[in-house]
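Undergrad: Hey, dropping run17.csv in here, CSV, C-alpha atoms and all ligand atoms:
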chain,number,residue,atom,x,y,z
A,635,MET,CA,86.9,19.7,75.6
A,636,LYS,CA,86.0,16.1,74.9
A,637,ALA,CA,83.0,15.9,72.7
A,638,ASN,CA,81.3,13.4,70.4
A,639,TYR,CA,78.7,14.4,67.8
A,640,HIS,CA,78.0,11.0,66.3
A,641,THR,CA,75.6,9.0,68.4
A,642,HIS,CA,72.7,6.8,67.4
A,643,THR,CA,69.6,5.4,69.1
A,644,THR,CA,67.6,2.3,68.7
A,645,ARG,CA,65.3,4.1,66.3
A,646,CYS,CA,67.7,3.2,63.4
A,647,HIS,CA,67.1,-0.5,64.0
A,648,HIS,CA,70.8,-1.3,64.2
A,649,ALA,CA,71.8,0.2,67.6
A,650,SER,CA,71.2,-0.9,71.1
A,651,GLY,CA,70.7,0.7,74.5
A,652,SER,CA,68.3,3.3,75.8
A,653,ASP,CA,68.8,7.0,75.0
A,654,GLU,CA,69.6,7.6,78.6
A,655,SER,CA,72.3,4.8,78.7
A,656,TYR,CA,74.2,6.8,76.0
A,657,VAL,CA,74.2,9.9,78.2
A,658,ILE,CA,75.3,7.9,81.3
A,659,SER,CA,78.1,6.2,79.3
A,660,ALA,CA,79.2,9.6,77.8
A,661,ILE,CA,79.6,11.0,81.4
A,662,GLU,CA,81.4,7.9,82.4
A,663,GLY,CA,83.7,8.3,79.3
A,664,GLY,CA,84.6,11.8,80.4
A,665,PHE,CA,82.7,13.7,77.6
A,666,GLN,CA,81.7,17.3,78.3
A,667,GLU,CA,79.4,17.4,75.3
A,668,LEU,CA,77.3,14.7,73.6
A,669,GLY,CA,75.5,15.2,70.3
A,670,PHE,CA,72.8,12.7,69.2
A,671,SER,CA,72.8,12.2,65.4
A,672,ASP,CA,70.6,9.3,64.6
A,673,HIS,CA,70.0,8.4,61.0
A,674,SER,CA,67.5,11.0,59.7
A,675,PRO,CA,64.1,10.2,58.5
A,676,TRP,CA,63.0,11.4,55.0
A,677,LYS,CA,59.7,12.4,53.5
A,678,TYR,CA,59.9,10.0,50.6
A,679,ASP,CA,57.9,10.5,47.4
A,680,THR,CA,57.1,6.8,47.5
A,681,ALA,CA,55.7,4.5,50.2
A,682,PHE,CA,59.3,3.2,50.7
A,683,VAL,CA,60.2,2.3,54.3
A,684,SER,CA,63.9,2.2,55.2
A,685,ASN,CA,65.1,-0.4,57.6
A,686,MET,CA,68.1,1.7,58.8
A,687,ARG,CA,66.5,5.0,59.9
A,688,MET,CA,63.7,6.3,62.0
A,689,LYS,CA,60.3,6.9,60.4
A,690,LEU,CA,59.3,10.5,60.1
A,691,GLU,CA,56.5,9.9,62.7
A,692,GLU,CA,59.2,8.8,65.2
A,693,PHE,CA,61.1,12.1,65.0
A,694,ASP,CA,59.1,14.0,67.6
A,695,ASN,CA,59.6,11.2,70.2
A,696,TYR,CA,63.4,11.3,69.4
A,697,TYR,CA,63.5,15.1,69.9
A,698,ALA,CA,61.4,14.9,73.1
A,699,SER,CA,63.4,12.1,74.6
A,700,ILE,CA,66.8,13.8,74.0
A,701,SER,CA,65.4,17.2,75.2
A,702,ALA,CA,64.3,15.6,78.5
A,703,LEU,CA,67.8,14.1,78.9
A,704,LYS,CA,69.4,17.4,78.1
A,705,GLU,CA,67.4,19.0,81.0
A,706,LYS,CA,67.9,16.1,83.4
A,707,TYR,CA,71.7,15.9,83.0
A,708,LYS,CA,72.4,19.6,82.4
A,709,ASP,CA,74.7,19.9,85.4
A,710,GLN,CA,76.8,17.0,84.2
A,711,ILE,CA,77.0,17.2,80.4
A,712,SER,CA,76.0,19.4,77.5
A,713,ILE,CA,73.6,17.6,75.1
A,714,LYS,CA,73.0,18.6,71.5
A,715,ILE,CA,70.2,17.4,69.2
A,716,GLY,CA,71.2,16.6,65.6
A,717,LEU,CA,70.8,14.0,62.8
A,718,GLU,CA,73.1,12.2,60.5
A,719,CYS,CA,71.7,13.0,57.1
A,720,GLU,CA,72.4,11.8,53.5
A,721,TYR,CA,72.8,14.2,50.7
A,722,TYR,CA,69.7,13.5,48.6
A,723,ARG,CA,69.6,16.3,46.0
A,724,ARG,CA,65.9,15.8,45.3
A,725,TYR,CA,65.0,16.0,48.9
A,726,MET,CA,67.3,18.8,50.1
A,727,PRO,CA,64.6,21.5,50.0
A,728,TRP,CA,62.5,19.4,52.4
A,729,LEU,CA,65.5,18.7,54.6
A,730,GLU,CA,66.5,22.3,54.8
A,731,GLN,CA,62.9,23.2,55.9
A,732,PHE,CA,62.7,20.3,58.3
A,733,ILE,CA,65.9,21.1,60.3
A,734,LYS,CA,64.9,24.8,60.5
A,735,GLU,CA,61.3,24.0,61.6
A,736,LYS,CA,62.6,21.4,64.2
A,737,LYS,CA,65.3,23.7,65.5
A,738,LEU,CA,68.1,21.1,65.3
A,739,ASP,CA,71.4,22.0,66.7
A,740,TYR,CA,73.3,20.5,63.8
A,741,ILE,CA,73.4,17.8,61.1
A,742,ILE,CA,76.3,15.7,59.9
A,743,LEU,CA,76.8,14.4,56.4
A,744,GLY,CA,76.7,10.6,56.4
A,745,ASN,CA,76.8,9.7,52.7
A,746,HIS,CA,75.5,6.1,52.6
A,747,TYR,CA,73.4,6.0,49.4
A,748,PHE,CA,73.4,7.7,46.0
A,749,GLU,CA,70.4,9.9,45.3
A,750,THR,CA,67.9,8.1,47.6
A,751,ASP,CA,67.8,4.7,49.3
A,752,GLU,CA,64.5,4.1,47.6
A,753,LEU,CA,66.6,3.3,44.5
A,754,HIS,CA,70.2,2.7,45.3
A,755,MET,CA,72.4,0.4,47.3
A,756,TYR,CA,74.8,1.1,50.2
A,757,TYR,CA,78.1,2.8,49.2
A,758,GLY,CA,79.8,0.8,51.9
A,759,SER,CA,79.2,-2.4,50.0
A,760,GLN,CA,79.2,-1.1,46.4
A,761,CYS,CA,82.2,1.1,45.9
A,762,ASP,CA,84.2,-1.7,44.3
A,763,LYS,CA,82.3,-0.5,41.2
A,764,ASP,CA,84.1,2.5,39.7
A,765,SER,CA,80.8,4.3,38.8
A,766,MET,CA,79.6,4.0,42.5
A,767,LEU,CA,82.9,5.4,43.7
A,768,GLU,CA,82.5,8.3,41.3
A,769,ASP,CA,78.9,9.0,42.6
A,770,TYR,CA,80.2,8.8,46.2
A,771,VAL,CA,82.9,11.3,45.7
A,772,ARG,CA,80.7,13.7,43.7
A,773,THR,CA,77.9,13.7,46.2
A,774,CYS,CA,80.3,14.1,49.2
A,775,ILE,CA,81.6,17.2,47.6
A,776,GLU,CA,78.2,18.6,46.6
A,777,GLY,CA,77.0,17.9,50.1
A,778,MET,CA,79.9,19.8,51.6
A,779,LYS,CA,79.1,22.8,49.5
A,780,THR,CA,75.5,23.1,50.7
A,781,GLY,CA,76.7,24.7,54.0
A,782,LEU,CA,74.2,22.7,56.0
A,783,TYR,CA,76.3,20.0,57.4
A,784,ALA,CA,78.7,20.3,60.3
A,785,TYR,CA,81.1,17.7,59.0
A,786,LEU,CA,81.6,14.7,56.8
A,787,ALA,CA,81.2,11.4,58.7
A,788,HIS,CA,83.5,8.5,57.6
A,789,PRO,CA,84.7,10.3,54.4
A,790,ASP,CA,86.6,7.1,53.5
A,791,LEU,CA,83.5,4.8,53.8
A,792,TYR,CA,84.2,3.7,50.2
A,793,CYS,CA,87.3,1.8,51.5
A,794,ARG,CA,84.9,-0.6,53.2
A,795,SER,CA,84.1,-2.2,49.9
A,796,ARG,CA,87.1,-1.4,47.8
A,797,GLU,CA,90.7,-2.5,47.9
A,798,TRP,CA,93.0,0.5,47.8
A,799,ASP,CA,93.9,1.3,44.2
A,800,HIS,CA,94.7,4.3,42.0
A,801,LEU,CA,91.0,5.3,42.0
A,802,SER,CA,90.8,5.1,45.8
A,803,GLU,CA,93.8,7.4,45.9
A,804,LYS,CA,92.2,9.9,43.4
A,805,ALA,CA,89.0,9.8,45.4
A,806,ALA,CA,90.9,10.7,48.6
A,807,HIS,CA,92.6,13.6,46.9
A,808,ARG,CA,89.3,15.0,45.6
A,809,ILE,CA,87.5,14.7,48.9
A,810,CYS,CA,90.4,16.1,50.9
A,811,GLN,CA,91.0,18.9,48.5
A,812,ALA,CA,87.3,19.9,48.6
A,813,ALA,CA,87.3,19.7,52.4
A,814,LYS,CA,90.3,22.0,52.5
A,815,GLU,CA,88.8,24.5,50.0
A,816,ASN,CA,85.4,24.5,51.9
A,817,ASP,CA,87.0,24.5,55.4
A,818,PHE,CA,85.1,21.4,56.0
A,819,ILE,CA,85.8,18.9,58.8
A,820,LEU,CA,86.4,15.2,58.1
A,821,GLU,CA,85.5,12.6,60.7
A,822,TYR,CA,87.8,9.9,61.9
A,823,ASN,CA,85.2,7.2,62.6
A,824,LEU,CA,85.7,4.9,65.5
A,825,ALA,CA,82.9,2.4,64.6
A,826,GLY,CA,84.9,1.7,61.4
A,827,LEU,CA,88.1,1.5,63.3
A,828,LYS,CA,86.7,-1.0,65.7
A,829,MET,CA,85.4,-3.1,62.8
A,830,SER,CA,88.8,-2.9,61.1
A,831,GLN,CA,90.6,-4.0,64.3
A,832,MET,CA,88.2,-6.9,64.8
A,833,ILE,CA,88.8,-8.3,61.3
A,834,HIS,CA,92.4,-7.3,61.1
A,835,GLN,CA,91.9,-5.4,57.8
A,836,ASP,CA,92.0,-1.7,57.0
A,837,LEU,CA,88.5,-0.7,56.1
A,838,TYR,CA,87.8,2.8,57.3
A,839,PRO,CA,89.4,4.9,58.6
A,840,HIS,CA,91.9,3.9,55.9
A,841,PRO,CA,95.6,4.9,56.8
A,842,LYS,CA,96.2,5.9,53.1
A,843,PHE,CA,93.2,8.2,53.1
A,844,TRP,CA,94.4,9.9,56.2
A,845,GLN,CA,97.9,10.4,54.9
A,846,ILE,CA,96.4,12.2,52.0
A,847,ALA,CA,94.2,14.3,54.4
A,848,SER,CA,97.4,15.3,56.2
A,849,GLN,CA,99.0,16.5,52.9
A,850,TYR,CA,96.1,18.8,52.5
A,851,HIS,CA,96.2,19.9,56.1
A,852,CYS,CA,92.5,19.0,56.6
A,853,LYS,CA,90.6,19.6,59.8
A,854,ALA,CA,89.6,16.3,61.5
A,855,ILE,CA,87.3,15.3,64.3
A,856,VAL,CA,86.9,12.0,66.1
A,857,GLY,CA,83.4,10.6,65.8
A,858,VAL,CA,82.5,7.6,68.0
A,859,ASP,CA,79.6,6.7,65.8
A,860,ALA,CA,78.1,5.0,68.8
A,861,HIS,CA,75.6,2.3,68.0
A,862,GLU,CA,75.9,0.9,71.6
A,863,ASN,CA,76.3,3.0,74.7
A,864,SER,CA,79.5,1.2,75.8
A,865,ALA,CA,81.4,2.6,72.8
A,866,LEU,CA,81.4,6.0,74.6
A,867,GLU,CA,83.3,4.5,77.5
A,868,ASP,CA,86.2,3.3,75.4
A,869,THR,CA,88.5,6.1,76.3
A,870,GLN,CA,91.5,4.2,75.1
A,871,MET,CA,90.3,4.0,71.5
A,872,TYR,CA,89.3,7.7,71.6
A,873,GLU,CA,92.7,8.8,72.8
A,874,GLN,CA,94.5,6.5,70.3
A,875,ALA,CA,92.5,8.1,67.5
A,876,LYS,CA,93.4,11.6,68.6
A,877,LYS,CA,97.0,10.6,68.7
A,878,THR,CA,96.9,9.1,65.2
A,879,LEU,CA,95.5,12.4,63.9
A,880,THR,CA,97.9,14.7,65.7
A,881,ASP,CA,100.9,12.4,64.8
A,882,LEU,CA,99.8,13.0,61.1
A,883,GLY,CA,100.0,16.7,61.8
A,884,LEU,CA,96.2,17.2,61.4
A,885,GLU,CA,94.3,19.9,63.3
A,886,VAL,CA,91.8,18.1,65.5
A,887,ALA,CA,88.5,20.0,66.0
A,888,GLU,CA,87.1,19.8,69.5
A,889,THR,CA,83.7,21.1,68.6
A,890,ILE,CA,81.6,22.0,65.6
A,891,ALA,CA,79.6,25.0,64.3
A,892,PHE,CA,76.0,24.8,65.2
A,893,LEU,CA,73.0,25.9,63.2
A,894,LYS,CA,71.5,29.1,64.3
B,1,ZN,ZN,74.2,3.5,61.7
B,2,ZN,ZN,77.2,6.6,59.0
I'd like the structure from this file rewritten - as structure tokens, please.
Ligand SMILES: [Zn+2]
Ligand SMILES: [Zn+2]

TA:
Amino acid sequence: MKANYHTHTTRCHHASGSDESYVISAIEGGFQELGFSDHSPWKYDTAFVSNMRMKLEEFDNYYASISALKEKYKDQISIKIGLECEYYRRYMPWLEQFIKEKKLDYIILGNHYFETDELHMYYGSQCDKDSMLEDYVRTCIEGMKTGLYAYLAHPDLYCRSREWDHLSEKAAHRICQAAKENDFILEYNLAGLKMSQMIHQDLYPHPKFWQIASQYHCKAIVGVDAHENSALEDTQMYEQAKKTLTDLGLEVAETIAFLK
């Protein structure tokens, strides 16, 4: 089965295309299953408004829109409704309640900020600092252990802001070992791959990270991380990614475990 569980919508303020255009492109790209996982809203303790995620008030529209598409295209593609969520320890009780109440199919762990984005900066631009890298690794592992998330999106996001060094290597070992121990899937992220190819530099997925993942025999999944619908039509990149993973001897997951 060809599936993708990492798809955004314009509600996150850095994606383009209508919700429906993603479905049409997924069908065009030969996907049998498409999961929407836009950046999750949070019920913050402060009046903070994030510029990279939907507001809590926008969630119902998100859910209704995807549900309508699920029904409209049911004979052509299976559609799942999820979210890409951070691991914010202080807000986890709220998140757990929220995903249950809203009957989401799944959530993926997209670890972009330490503790909360009310207070901290993007890991993708801050992991050149050793303490940020440490926070990144620790929270990835804590998130995996909650049992709530279907997989870890772009596990090597820290390579976006850090030249590969002995601490990058150590971080990869810790993340991959934890993934193996918790039978947790790691995502090979195509948005990062596209960016890396564009600037001719290995950001993420980082080849050295994935060599280490292969030493631990981790389970991998390809995530398009579509922020524009056309990304779902790039079958060449998708197939190339799958081949990279199987050449490394990794088991490639075709689907994920859904929430009950
Ligand atoms: Zn995004
Ligand atoms: Zn992400």

Undergrad: Select, from A:Thr644, A:Ser795, A:Ser712, A:Asn685, the residue with the minimum atom-to-atom distance to A:Tyr838, counting only C-alpha atoms.

TA: A:Ser795

Undergrad: Counting all atoms listed in the file, what residues are within 10 Å of ligand ZN 1 (chain B), given as a PyMOL selection string?

TA: chain A and resi 640-644+646-649+671-673+686-687+718+744+746+825+859-861

Undergrad: Around (82.3, 2.4, 74.1), as given in the file, which residues come within 12 Å? Count only C-alpha atoms and list them as a PyMOL selection string.

TA: chain A and resi 638+641+650-651+655-665+824-825+828+857-872

Undergrad: Box for stretch 831-836 of chain A - axis-aligned, 5 Å on each of the six sides, all listed atoms - centre and size in Å to one decimal, as lines of an AutoDock Vina configuration file.

TA:
center_x = 90.3
center_y = -5.0
center_z = 60.9
size_x = 14.2
size_y = 16.6
size_z = 17.8

Undergrad: Measuring atom to atom with only C-alpha atoms, identify which of A:Ile819, A:Glu749, A:Tyr770, A:Val856 is nearest to A:Tyr639.

TA: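 That would be A:Val856, the residue with the smallest distance to A:Tyr639.
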
Undergrad: Restricting the calculation to only C-alpha atoms and all ligand atoms: of A:Thr750, A:Leu668, A:Ile733, A:Leu791, which residue gets closest to ligand ZN 2 (chain B)?

TA: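 Residue with the minimum atom-to-atom distance to ligand ZN 2 (chain B): A:Leu791.
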
Undergrad: Looking at A:Lys714, A:His834, A:His840, A:His754, which one is nearest to A:Tyr822, with distances taken over only C-alpha atoms?

TA: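 Among the listed residues, the smallest separation from A:Tyr822 belongs to A:His840.
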
Undergrad: To one decimal place, how far is atom CA of A:Leu767 from atom CA of A:Tyr792 in Å?

TA: 6.8 Å

Undergrad: With distances taken over only C-alpha atoms and all ligand atoms, which residue among A:Ala698, A:Leu786, A:Val683, A:Cys761 lies nearest ligand ZN 2 (chain B)?

TA: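 Ranked by minimum distance to ligand ZN 2 (chain B), first place goes to A:Leu786.
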
Undergrad: Point out the residue among A:Ala702, A:Ile890, A:Leu717, A:Ala784 with the least atom-to-atom distance to ligand ZN 2 (chain B), counting only C-alpha atoms and all ligand atoms.

TA: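 Of A:Ala702, A:Ile890, A:Leu717, A:Ala784, the one nearest ligand ZN 2 (chain B) is A:Leu717, counting only C-alpha atoms and all ligand atoms.
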
Undergrad: Using Å and a single decimal, report how far atom CA of A:Ser848 sits from atom CA of A:Leu801.

TA: 18.5 Å

Undergrad: For A:Leu738, find every residue with an atom within 9 Å (counting all atoms listed in the file), except residues of its own chain fewer than 5 positions away, and show them as a list in words.

TA: Tyr697, Lys714, Ile715, Gly716, Leu717, Phe732, Ile733, Phe892, Leu893 and Lys894 of chain A

Undergrad: Calculate how many Å separate atom CA of A:Glu776 from atom CA of A:Lys763, rounding to one decimal.

TA: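 These atoms are spaced 20.3 Å apart.
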
Undergrad: Please identify all polymer residues within 12 Å of A:Asp790, counting only C-alpha atoms, omitting same-chain residues fewer than 2 positions from it, and present them as a count of residues only.

TA: 47

Undergrad: If I put a ball of radius 6 Å at (62.3, 13.6, 46.8) in the file's coordinates, which residues poke into it when counting all atoms listed in the file, written as a VMD selection string?

TA: chain A and resid 678 to 679 724 to 725

Undergrad: May I have the residues from that selection written out with C-alpha atoms, as a PDB file, keeping the file's coordinate frame?

TA:
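What follows is the written file part_32.pdb:
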ATOM      1  CA  TYR A 678      59.900  10.000  50.600  1.00  0.00           C
ATOM      2  CA  ASP A 679      57.900  10.500  47.400  1.00  0.00           C
ATOM      3  CA  ARG A 724      65.900  15.800  45.300  1.00  0.00           C
ATOM      4  CA  TYR A 725      65.000  16.000  48.900  1.00  0.00           C
TER       5      TYR A 725
END
